[in-house]
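Raw contents of coords.txt, compact mmCIF, C-alpha atoms:
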# COMPACT_ATOMS: atom_id res chain seq x y z
CA MET A 1431 19.91 28.16 37.00
CA ARG A 1432 19.98 24.84 38.81
CA ARG A 1433 23.30 23.02 38.42
CA ILE A 1434 24.34 19.35 38.24
CA VAL A 1435 28.01 18.31 38.19
CA LEU A 1436 28.64 14.84 36.76
CA LYS A 1437 31.61 12.82 37.97
CA PRO A 1438 33.77 10.81 35.53
CA GLY A 1439 31.79 7.74 34.47
CA GLU A 1440 28.52 9.11 35.89
CA GLN A 1441 25.54 9.37 33.55
CA PHE A 1442 22.93 12.10 33.44
CA ALA A 1443 19.58 10.81 34.74
CA ALA A 1444 16.21 11.62 33.20
CA SER A 1445 14.88 12.16 36.73
CA SER A 1446 17.06 15.27 36.92
CA ILE A 1447 14.83 17.01 34.38
CA ASN A 1448 12.02 19.08 35.83
CA ARG A 1449 9.75 19.35 32.81
CA THR A 1450 6.36 21.05 32.80
CA GLY A 1451 3.73 19.15 30.84
CA ALA A 1452 1.83 20.54 27.89
CA PHE A 1453 -1.26 20.95 30.06
CA ASN A 1454 -2.59 20.11 33.52
CA ALA A 1455 -5.80 18.58 34.81
CA ALA A 1456 -7.46 21.98 35.23
CA ALA A 1457 -6.72 22.93 31.62
CA LEU A 1458 -8.05 19.59 30.39
CA ALA A 1459 -11.28 19.99 32.35
CA ALA A 1460 -11.76 23.58 31.17
CA ALA A 1461 -11.03 22.69 27.54
CA THR A 1462 -13.49 19.79 27.68
CA SER A 1463 -16.25 22.09 28.92
CA ILE A 1464 -15.45 24.74 26.30
CA ILE A 1465 -15.48 22.25 23.44
CA GLU A 1466 -18.80 20.79 24.58
CA GLU A 1467 -20.27 24.30 24.59
CA VAL A 1468 -18.96 24.99 21.08
CA ARG A 1469 -20.42 21.73 19.79
CA ALA A 1470 -23.77 22.50 21.37
CA ARG A 1471 -24.11 26.24 20.70
CA GLY A 1472 -21.79 26.97 17.77
CA ASP A 1473 -21.16 30.64 17.02
CA ALA A 1474 -23.00 31.79 20.14
CA ALA A 1475 -20.51 29.93 22.31
CA LEU A 1476 -17.59 31.33 20.29
CA ARG A 1477 -18.84 34.87 20.90
CA ASP A 1478 -19.28 34.28 24.62
CA PHE A 1479 -15.82 32.77 25.04
CA THR A 1480 -14.14 35.41 22.88
CA GLU A 1481 -15.71 38.14 24.99
CA LYS A 1482 -14.72 36.34 28.21
CA PHE A 1483 -11.11 35.57 27.30
CA ASP A 1484 -10.18 38.24 24.74
CA GLY A 1485 -12.32 41.16 25.86
CA VAL A 1486 -14.11 41.65 22.54
CA ARG A 1487 -17.46 40.37 21.26
CA PRO A 1488 -17.21 39.91 17.49
CA ARG A 1489 -20.22 40.23 15.22
CA ALA A 1490 -18.46 38.16 12.58
CA PHE A 1491 -15.42 35.91 12.89
CA ARG A 1492 -14.16 35.75 9.34
CA VAL A 1493 -11.67 38.40 8.27
CA PRO A 1494 -12.91 40.01 5.03
CA GLN A 1495 -10.70 39.96 1.97
CA GLN A 1496 -10.55 43.76 1.99
CA ALA A 1497 -8.85 43.73 5.40
CA ILE A 1498 -6.29 41.21 4.14
CA ASP A 1499 -5.57 43.30 1.06
CA GLU A 1500 -5.23 46.48 3.12
CA ALA A 1501 -2.83 44.84 5.60
CA ALA A 1502 0.01 44.91 3.09
CA GLY A 1503 -0.33 48.68 2.88
CA ARG A 1504 -0.22 49.04 6.68
CA LEU A 1505 2.86 46.87 7.05
CA ASP A 1506 6.27 48.49 6.86
CA PRO A 1507 8.14 47.38 3.72
CA LYS A 1508 11.09 45.96 5.64
CA THR A 1509 8.84 43.53 7.54
CA ALA A 1510 6.99 42.61 4.36
CA ASP A 1511 10.28 41.88 2.60
CA ALA A 1512 11.49 39.78 5.55
CA LEU A 1513 8.32 37.67 5.48
CA ALA A 1514 8.65 37.15 1.73
CA HIS A 1515 12.30 36.17 2.15
CA ALA A 1516 11.40 33.65 4.86
CA ALA A 1517 8.53 32.26 2.79
CA ARG A 1518 10.80 31.61 -0.20
CA GLN A 1519 13.30 29.64 1.85
CA ILE A 1520 10.65 27.73 3.79
CA CYS A 1521 9.01 26.71 0.51
CA GLU A 1522 12.33 25.70 -1.01
CA PHE A 1523 13.07 23.40 1.93
CA HIS A 1524 9.61 21.84 2.08
CA GLU A 1525 9.41 21.27 -1.67
CA ARG A 1526 12.19 18.73 -1.18
CA GLN A 1527 9.97 16.75 1.21
CA LYS A 1528 7.24 16.07 -1.33
CA GLN A 1529 6.65 12.43 -2.13
CA GLN A 1530 5.12 10.98 -5.27
CA SER A 1531 2.79 8.03 -5.54
CA TRP A 1532 4.73 4.88 -6.37
CA PHE A 1533 3.98 1.38 -7.66
CA PHE A 1534 5.96 -1.83 -7.86
CA ALA A 1535 5.16 -4.69 -10.23
CA ARG A 1536 6.14 -8.18 -9.15
CA GLU A 1537 7.21 -10.82 -11.64
CA ASP A 1538 3.99 -12.78 -11.04
CA GLY A 1539 1.84 -9.85 -12.15
CA ALA A 1540 0.93 -8.40 -8.75
CA LEU A 1541 0.99 -4.62 -8.48
CA VAL A 1542 1.51 -2.94 -5.09
CA GLY A 1543 2.18 0.65 -4.18
CA ALA A 1544 1.06 3.80 -2.43
CA LYS A 1545 -1.09 6.68 -3.65
CA VAL A 1546 -0.18 10.04 -2.07
CA THR A 1547 -3.10 12.45 -1.72
CA PRO A 1548 -3.20 15.93 -0.11
CA LEU A 1549 -5.66 16.46 2.72
CA ASP A 1550 -8.79 18.34 1.71
CA SER A 1551 -8.60 20.88 4.56
CA VAL A 1552 -6.41 21.87 7.49
CA GLY A 1553 -6.73 24.38 10.29
CA ILE A 1554 -3.68 26.19 11.63
CA TYR A 1555 -3.68 27.75 15.07
CA VAL A 1556 -1.59 30.90 15.48
CA PRO A 1557 -1.07 32.01 19.10
CA GLY A 1558 -1.69 35.49 20.43
CA GLY A 1559 -1.13 36.67 23.97
CA ARG A 1560 2.45 37.51 24.97
CA ALA A 1561 3.66 37.93 21.39
CA LEU A 1562 2.53 37.92 17.76
CA TYR A 1563 3.73 35.10 15.53
CA PRO A 1564 3.50 35.64 11.77
CA SER A 1565 6.32 33.09 11.59
CA SER A 1566 3.89 30.45 12.88
CA VAL A 1567 1.61 31.22 9.95
CA LEU A 1568 4.42 30.60 7.47
CA MET A 1569 5.67 27.44 9.17
CA ASN A 1570 2.24 25.82 9.29
CA ALA A 1571 0.54 27.08 6.14
CA LEU A 1572 3.41 26.80 3.65
CA PRO A 1573 3.99 23.03 4.07
CA ALA A 1574 0.24 22.54 3.64
CA ALA A 1575 0.28 24.64 0.48
CA VAL A 1576 3.31 22.76 -0.85
CA ALA A 1577 1.51 19.48 -0.15
CA GLY A 1578 -1.44 20.68 -2.24
CA VAL A 1579 -4.08 21.17 0.48
CA GLY A 1580 -7.00 23.03 -1.07
CA ARG A 1581 -8.48 24.69 2.03
CA ILE A 1582 -6.14 26.20 4.63
CA VAL A 1583 -7.91 27.87 7.56
CA CYS A 1584 -6.15 30.13 10.07
CA VAL A 1585 -7.58 30.86 13.53
CA THR A 1586 -5.94 33.33 15.89
CA PRO A 1587 -7.12 35.40 18.88
CA PRO A 1588 -8.30 38.94 18.13
CA THR A 1589 -6.74 42.02 19.66
CA LYS A 1590 -8.78 44.20 21.99
CA ASP A 1591 -10.12 46.26 19.08
CA GLY A 1592 -11.10 43.08 17.25
CA THR A 1593 -8.46 43.42 14.53
CA LEU A 1594 -5.45 41.29 13.62
CA ASP A 1595 -1.81 42.23 13.30
CA ALA A 1596 -0.95 43.32 9.76
CA ALA A 1597 2.07 41.00 9.65
CA ILE A 1598 -0.12 37.99 10.46
CA LEU A 1599 -2.56 38.94 7.70
CA GLU A 1600 0.27 39.42 5.21
CA ALA A 1601 1.83 36.09 6.22
CA CYS A 1602 -1.54 34.44 5.62
CA ARG A 1603 -1.77 36.03 2.19
CA ILE A 1604 1.66 34.97 0.97
CA ALA A 1605 1.34 31.48 2.50
CA GLY A 1606 -1.88 30.62 0.69
CA VAL A 1607 -4.31 30.70 3.62
CA THR A 1608 -7.84 30.62 2.23
CA GLU A 1609 -9.84 31.61 5.35
CA ILE A 1610 -8.93 33.61 8.47
CA TYR A 1611 -11.02 33.74 11.64
CA THR A 1612 -10.54 35.91 14.73
CA VAL A 1613 -11.06 33.29 17.39
CA GLY A 1614 -8.54 31.67 19.71
CA GLY A 1615 -8.17 29.30 22.63
CA ALA A 1616 -9.80 25.92 23.13
CA GLN A 1617 -12.95 27.32 21.51
CA ALA A 1618 -11.10 27.78 18.21
CA ILE A 1619 -9.91 24.16 18.29
CA GLY A 1620 -13.47 23.02 18.93
CA ALA A 1621 -14.74 25.08 16.00
CA LEU A 1622 -12.09 23.67 13.66
CA ALA A 1623 -12.80 20.11 14.76
CA TYR A 1624 -16.60 20.12 14.77
CA GLY A 1625 -17.67 23.24 12.90
CA THR A 1626 -20.06 26.07 13.71
CA GLU A 1627 -22.42 28.19 11.63
CA SER A 1628 -19.45 30.33 10.51
CA ILE A 1629 -16.58 27.86 10.44
CA LYS A 1630 -16.66 24.61 8.50
CA PRO A 1631 -14.74 21.74 10.14
CA VAL A 1632 -11.31 20.66 8.89
CA ASP A 1633 -9.55 17.33 8.57
CA LYS A 1634 -6.45 18.19 10.59
CA ILE A 1635 -5.31 20.86 13.06
CA THR A 1636 -1.72 22.06 13.46
CA GLY A 1637 0.06 24.84 15.31
CA PRO A 1638 1.20 25.63 18.86
CA GLY A 1639 -0.78 27.26 21.66
CA ASN A 1640 -1.14 27.60 25.41
CA ALA A 1641 -2.09 24.83 27.85
CA TYR A 1642 -5.79 25.13 26.96
CA VAL A 1643 -5.09 24.84 23.24
CA ALA A 1644 -2.85 21.82 23.86
CA ALA A 1645 -5.54 20.18 25.99
CA ALA A 1646 -8.18 20.90 23.35
CA LYS A 1647 -6.05 19.29 20.65
CA LYS A 1648 -5.73 16.17 22.78
CA ILE A 1649 -9.52 16.08 23.24
CA VAL A 1650 -10.37 16.35 19.54
CA SER A 1651 -7.57 14.05 18.38
CA GLY A 1652 -9.12 11.04 16.72
CA ASP A 1653 -12.11 12.98 15.45
CA VAL A 1654 -9.61 15.06 13.46
CA GLY A 1655 -5.89 14.71 12.95
CA ILE A 1656 -3.42 16.83 14.92
CA ASP A 1657 0.27 17.47 14.42
CA MET A 1658 1.43 17.12 18.04
CA ILE A 1659 0.60 18.27 21.55
CA ALA A 1660 3.25 20.91 22.11
CA GLY A 1661 4.44 21.83 25.58
CA PRO A 1662 6.64 24.75 26.62
CA SER A 1663 9.46 25.54 24.21
CA GLU A 1664 13.01 24.47 25.09
CA VAL A 1665 16.65 24.76 24.08
CA CYS A 1666 19.78 22.85 24.99
CA VAL A 1667 23.13 24.54 24.35
CA VAL A 1668 26.33 22.50 24.45
CA ALA A 1669 29.31 24.83 24.83
CA ASP A 1670 33.04 24.16 25.13
CA LYS A 1671 35.90 26.58 25.86
CA THR A 1672 35.88 27.84 22.25
CA ALA A 1673 32.36 29.26 22.65
CA GLU A 1674 31.91 32.94 23.45
CA PRO A 1675 30.01 33.10 26.81
CA SER A 1676 28.08 36.18 25.69
CA LEU A 1677 26.68 34.33 22.65
CA VAL A 1678 25.78 31.26 24.69
CA ALA A 1679 24.02 33.46 27.23
CA ILE A 1680 21.96 35.34 24.65
CA ASP A 1681 20.96 32.08 22.94
CA LEU A 1682 19.63 30.72 26.24
CA MET A 1683 17.76 33.98 26.76
CA ALA A 1684 16.30 33.84 23.25
CA GLN A 1685 14.42 30.73 24.35
CA ALA A 1686 13.66 31.90 27.89
CA GLU A 1687 11.97 35.09 26.71
CA HIS A 1688 9.14 33.11 25.11
CA ASP A 1689 7.49 32.05 28.35
CA PRO A 1690 8.25 31.65 32.07
CA LEU A 1691 7.75 27.91 31.50
CA ALA A 1692 10.28 27.70 28.65
CA ALA A 1693 13.10 25.31 29.53
CA CYS A 1694 16.80 26.10 29.00
CA TYR A 1695 19.56 23.51 29.37
CA LEU A 1696 23.25 24.39 29.30
CA VAL A 1697 25.74 21.52 28.93
CA VAL A 1698 29.35 22.57 29.62
CA PHE A 1699 32.68 21.06 30.64
CA ASP A 1700 33.72 23.11 33.67
CA GLU A 1701 31.99 25.17 36.32
CA ALA A 1702 34.08 28.28 35.73
CA TYR A 1703 32.70 28.47 32.19
CA ALA A 1704 29.16 28.02 33.49
CA ASP A 1705 29.76 30.91 35.89
CA ALA A 1706 30.94 33.08 32.98
CA VAL A 1707 27.78 32.34 31.01
CA GLU A 1708 25.57 33.19 33.97
CA ARG A 1709 27.38 36.51 34.44
CA GLU A 1710 26.69 37.30 30.79
CA VAL A 1711 23.02 36.46 31.30
CA GLU A 1712 22.83 39.00 34.12
CA ARG A 1713 24.51 41.60 31.93
CA HIS A 1714 22.15 41.00 29.00
CA LEU A 1715 19.10 41.11 31.27
CA GLU A 1716 19.81 44.77 31.96
CA SER A 1717 18.97 45.55 28.32
CA SER A 1718 16.19 43.00 27.76
CA THR A 1719 12.68 44.22 27.00
CA ARG A 1720 11.36 40.90 28.36
CA ALA A 1721 13.62 40.66 31.39
CA GLU A 1722 10.95 39.52 33.84
CA ILE A 1723 9.80 36.60 31.69
CA THR A 1724 13.38 35.66 30.79
CA ALA A 1725 14.64 35.73 34.36
CA ALA A 1726 11.70 33.65 35.59
CA SER A 1727 12.28 31.00 32.94
CA LEU A 1728 15.99 30.70 33.65
CA ALA A 1729 15.53 30.67 37.42
CA ASP A 1730 12.67 28.16 37.51
CA GLN A 1731 13.28 26.00 34.43
CA GLY A 1732 17.00 26.47 33.75
CA LEU A 1733 19.49 23.64 34.25
CA VAL A 1734 23.28 23.56 33.89
CA VAL A 1735 24.91 20.15 33.43
CA VAL A 1736 28.67 20.13 33.93
CA CYS A 1737 30.16 17.10 32.16
CA PRO A 1738 33.63 15.56 32.47
CA ASP A 1739 33.93 14.85 28.72
CA ARG A 1740 32.14 14.88 25.36
CA GLU A 1741 30.78 11.37 25.80
CA ALA A 1742 28.98 12.42 28.97
CA ALA A 1743 27.70 15.57 27.27
CA LEU A 1744 26.26 13.60 24.35
CA GLN A 1745 24.61 11.16 26.73
CA ALA A 1746 23.00 14.05 28.58
CA VAL A 1747 21.75 15.60 25.34
CA ASN A 1748 20.15 12.35 24.20
CA VAL A 1749 18.42 11.94 27.56
CA ILE A 1750 17.13 15.54 27.48
CA ALA A 1751 15.95 15.05 23.85
CA PRO A 1752 15.55 18.82 23.42
CA GLU A 1753 13.31 20.64 20.99
CA HIS A 1754 16.25 22.82 19.90
CA LEU A 1755 19.89 21.77 20.25
CA GLU A 1756 22.75 24.23 19.71
CA LEU A 1757 26.27 22.81 19.46
CA HIS A 1758 28.64 25.70 20.31
CA VAL A 1759 31.67 23.47 20.12
CA GLU A 1760 34.77 23.05 18.03
CA ASP A 1761 34.03 20.94 14.93
CA ALA A 1762 30.32 20.71 15.73
CA MET A 1763 29.58 18.64 12.62
CA SER A 1764 31.67 15.79 14.04
CA LEU A 1765 29.12 15.37 16.85
CA LEU A 1766 26.05 15.22 14.62
CA GLY A 1767 26.24 11.46 14.13
CA SER A 1768 26.04 10.93 17.90
CA ILE A 1769 22.87 13.00 18.31
CA ARG A 1770 19.91 10.63 18.41
CA ASN A 1771 17.24 12.76 20.08
CA ALA A 1772 16.66 16.39 19.06
CA GLY A 1773 13.97 18.25 17.16
CA ALA A 1774 16.44 20.52 15.35
CA VAL A 1775 20.23 20.78 15.57
CA PHE A 1776 22.06 24.09 15.11
CA LEU A 1777 25.73 23.55 14.30
CA GLY A 1778 28.43 26.01 15.30
CA ALA A 1779 28.74 29.50 16.70
CA TRP A 1780 27.25 31.18 13.62
CA THR A 1781 23.94 29.31 13.77
CA PRO A 1782 21.66 30.76 16.45
CA GLU A 1783 18.26 29.18 16.97
CA ALA A 1784 16.68 32.39 15.67
CA VAL A 1785 17.60 31.54 12.07
CA GLY A 1786 15.65 28.30 12.38
CA ASP A 1787 12.72 30.09 13.98
CA TYR A 1788 12.33 32.39 11.00
CA VAL A 1789 14.20 32.01 7.74
CA ALA A 1790 16.53 29.01 7.37
CA GLY A 1791 13.81 26.84 5.83
CA PRO A 1792 13.30 23.80 8.11
CA ASN A 1793 10.11 23.93 10.11
CA HIS A 1794 10.14 25.55 13.54
CA THR A 1795 7.21 23.44 14.79
CA LEU A 1796 9.21 20.83 16.68
CA PRO A 1797 8.66 18.05 19.23
CA THR A 1798 8.85 19.28 22.84
CA GLY A 1799 8.96 17.71 26.28
CA GLY A 1800 11.36 14.94 25.34
CA THR A 1801 9.14 13.69 22.50
CA ALA A 1802 12.07 14.13 20.11
CA ARG A 1803 12.85 10.55 21.21
CA TYR A 1804 10.17 9.44 18.73
CA ALA A 1805 8.65 12.48 16.98
CA SER A 1806 9.76 14.68 14.08
CA PRO A 1807 9.36 18.32 13.01
CA LEU A 1808 6.24 19.41 11.15
CA SER A 1809 6.64 18.57 7.47
CA VAL A 1810 4.80 18.13 4.20
CA ASP A 1811 4.09 14.55 5.34
CA GLU A 1812 1.65 15.94 7.92
CA PHE A 1813 -0.55 17.31 5.15
CA VAL A 1814 -0.88 14.26 2.94
CA LYS A 1815 -2.29 10.79 3.40
CA LYS A 1816 -1.07 7.59 1.80
CA THR A 1817 -3.40 4.98 0.40
CA SER A 1818 -2.12 1.46 -0.21
CA VAL A 1819 -2.84 0.08 -3.67
CA ILE A 1820 -2.93 -3.67 -4.42
CA GLN A 1821 -3.82 -5.44 -7.65
CA TYR A 1822 -3.28 -9.21 -8.03
CA SER A 1823 -3.11 -11.28 -11.16
CA PRO A 1824 -4.43 -14.88 -11.16
CA GLN A 1825 -0.84 -16.15 -10.97
CA ALA A 1826 -0.01 -13.87 -8.03
CA LEU A 1827 -3.07 -15.06 -6.12
CA ALA A 1828 -2.17 -18.69 -6.78
CA ASN A 1829 1.37 -18.05 -5.50
CA ASP A 1830 0.21 -16.48 -2.23
CA ALA A 1831 -2.99 -18.50 -1.66
CA ASP A 1832 -1.58 -21.15 0.60
CA ALA A 1833 0.11 -18.64 2.93
CA VAL A 1834 -3.04 -16.49 3.14
CA MET A 1835 -5.32 -19.43 3.87
CA THR A 1836 -2.93 -20.89 6.45
CA ILE A 1837 -2.71 -17.65 8.43
CA ALA A 1838 -6.45 -16.98 8.16
CA ARG A 1839 -7.35 -20.43 9.46
CA HIS A 1840 -4.86 -20.08 12.30
CA GLU A 1841 -6.66 -16.86 13.28
CA GLY A 1842 -10.05 -18.57 13.01
CA LEU A 1843 -11.27 -16.33 10.18
CA TRP A 1844 -13.17 -18.76 7.94
CA ALA A 1845 -14.40 -16.25 5.34
CA HIS A 1846 -10.91 -14.83 4.87
CA ALA A 1847 -9.64 -18.25 3.88
CA MET A 1848 -12.68 -19.03 1.73
CA SER A 1849 -12.39 -15.74 -0.19
CA VAL A 1850 -9.08 -17.05 -1.52
CA GLU A 1851 -10.04 -20.72 -1.80
CA LEU A 1852 -13.09 -19.97 -3.93
CA ARG A 1853 -11.02 -17.91 -6.33
CA CYS A 1854 -8.45 -20.69 -6.59
CA ASN A 1855 -11.23 -23.16 -7.31
CA LEU A 1856 -12.54 -20.84 -10.02
CA LEU A 1857 -9.10 -20.70 -11.60
CA GLU A 1858 -8.88 -24.48 -11.64
CA THR A 1859 -12.33 -24.74 -13.23
CA ARG A 1860 -11.38 -22.28 -15.96
CA LYS A 1861 -8.17 -24.23 -16.67
CA GLY A 1862 -10.18 -27.43 -16.99

Take the structure in the file and give it back as structure tokens.
Amino acid sequence: MRRIVLKPGEQFAASSINRTGAFNAAALAAATSIIEEVRARGDAALRDFTEKFDGVRPRAFRVPQQAIDEAAGRLDPKTADALAHAARQICEFHERQKQQSWFFAREDGALVGAKVTPLDSVGIYVPGGRALYPSSVLMNALPAAVAGVGRIVCVTPPTKDGTLDAAILEACRIAGVTEIYTVGGAQAIGALAYGTESIKPVDKITGPGNAYVAAAKKIVSGDVGIDMIAGPSEVCVVADKTAEPSLVAIDLMAQAEHDPLAACYLVVFDEAYADAVEREVERHLESSTRAEITAASLADQGLVVVCPDREAALQAVNVIAPEHLELHVEDAMSLLGSIRNAGAVFLGAWTPEAVGDYVAGPNHTLPTGGTARYASPLSVDEFVKKTSVIQYSPQALANDADAVMTIARHEGLWAHAMSVELRCNLLETRKG
């Protein structure tokens, strides 16, 4: 891992971060071409791209209900119970995010407020490739279900035999997914956005994916809603002398094993401790089933920041603005108020990122690439829309008329001003 040692009074610079973007120019160009083909040729293009990228040519894309029902029987009971346990806690957390429509009546008779309405349909993308992610199904579909979305569509790449993992199918079932399609990549995003003969379009698309999926979401954004454009996953671990080096090392590795592009940041207070953590990484790698991916991530994307004090460490964290932040420090809660930029914060030695990935309840779809400076985790809010409601009484209009007409005339909008003036004239006539 690359190492930076800060001197007393020195601040960590954003230029020290070597982040990989969500996608590159080649991915954007390829995704553009793929989406154009899907819009022009529909299912035929989906079949061609699925054969090209996934090695299977499907006759039909939709997973039949029988296959979903049979998946529960193929899944080992322990995994099924774990998914159900996670689903309960994810629902419990997201239920607390629900907002109700609200209205406020002014003394002059005006009524203003907001009407909260679930989206009609959403599409969730569940990655395939290096790993299978039933947890992504739960984290994307359950908030939509809690919000009251009526149509929840899941798209995910097929395996070589054209089937889907039983755990993904079971996660779809318990999360309230209404349609499942075996199609992945940029072509799946195009199908969700614009529709094909088999797949009706949706109003919003959520879920992580590779560089081509991220590029495709950027392309369709505006025609449909998207949650975010997610880049490689990342973790920042702040560790002091009370932290067990072995635990810090395995938590860094838990992020690194996702992808060679996953970014791992370690913020510590002396170089000897950093050395101890790196020795533990080497020891754990001997047992890892994903050692090659993990080692590549840590070597190419890993960064150790050695800070002279807590103030410097907190400044570094807020500049990094990590997707996941673990505070392996004494009295971790005392630092929470100083954290301004992080997608999710994990407090103390007994809170590994893995609990947030699967069962704690908060959503694991988080802002990456430093976007935690302004973005938030996926939530129920992503699956509703808010409509402003305004109703004026004659008295309320009379009270606000002068201000409205003054601003409208300043902006040169004659009809805006007249729409109020005529009503005021009508009120005067009725009084007379």

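Nearest to A:Leu1696 of all the residues A:Ala1577, A:Leu1513, A:Arg1432, A:Glu1440 is A:Arg1432, counting only C-alpha atoms.
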
Place a sphere of radius 8 Å on (2.2, 19.1, 7.3) in the file coordinates and name every protein, DNA or RNA residue with an atom inside or on its surface, counting only C-alpha atoms; give the answer as a tab-separated table (two decimals) with C-alpha atoms, keeping the file's coordinate frame.
chain	number	residue	atom	x	y	z
A	1570	ASN	CA	2.24	25.82	9.29
A	1573	PRO	CA	3.99	23.03	4.07
A	1574	ALA	CA	0.24	22.54	3.64
A	1577	ALA	CA	1.51	19.48	-0.15
A	1636	THR	CA	-1.72	22.06	13.46
A	1657	ASP	CA	0.27	17.47	14.42
A	1808	LEU	CA	6.24	19.41	11.15
A	1809	SER	CA	6.64	18.57	7.47
A	1810	VAL	CA	4.80	18.13	4.20
A	1811	ASP	CA	4.09	14.55	5.34
A	1812	GLU	CA	1.65	15.94	7.92
A	1813	PHE	CA	-0.55	17.31	5.15
A	1814	VAL	CA	-0.88	14.26	2.94

Which residues are close to A:Thr1781, i.e. within 10 Å by only C-alpha atoms, leaving aside same-chain residues fewer than 5 positions away? Reply as number ranges by chain. A: 1756-1758, 1775-1776, 1786, 1790

Please provide as a ChimeraX atom specification all residues within 10 Å of stretch 1471-1487 of chain A, with the sequence filter that same-chain residues fewer than 3 positions apart are discarded (counting only C-alpha atoms). /A:1464-1468,1490-1491,1558-1559,1587-1593,1612-1618,1620-1621,1624-1629

Given all atoms listed in the file as the counted atoms, nearest of A:Pro1662, A:Val1542, A:Leu1765, A:Thr1547 to A:Ser1818: A:Val1542

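You will find atom CA of A:Val1736 at 6.2 Å from atom CA of A:Ile1434.
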
Which residues are near A:Glu1522? Cut-off 8 Å, only C-alpha atoms, ignore same chain within fewer than 4 positions. Put them as a tab-separated table (two decimals) with C-alpha atoms, keeping the file's coordinate frame.
chain	number	residue	atom	x	y	z
A	1518	ARG	CA	10.80	31.61	-0.20
A	1526	ARG	CA	12.19	18.73	-1.18
A	1791	GLY	CA	13.81	26.84	5.83
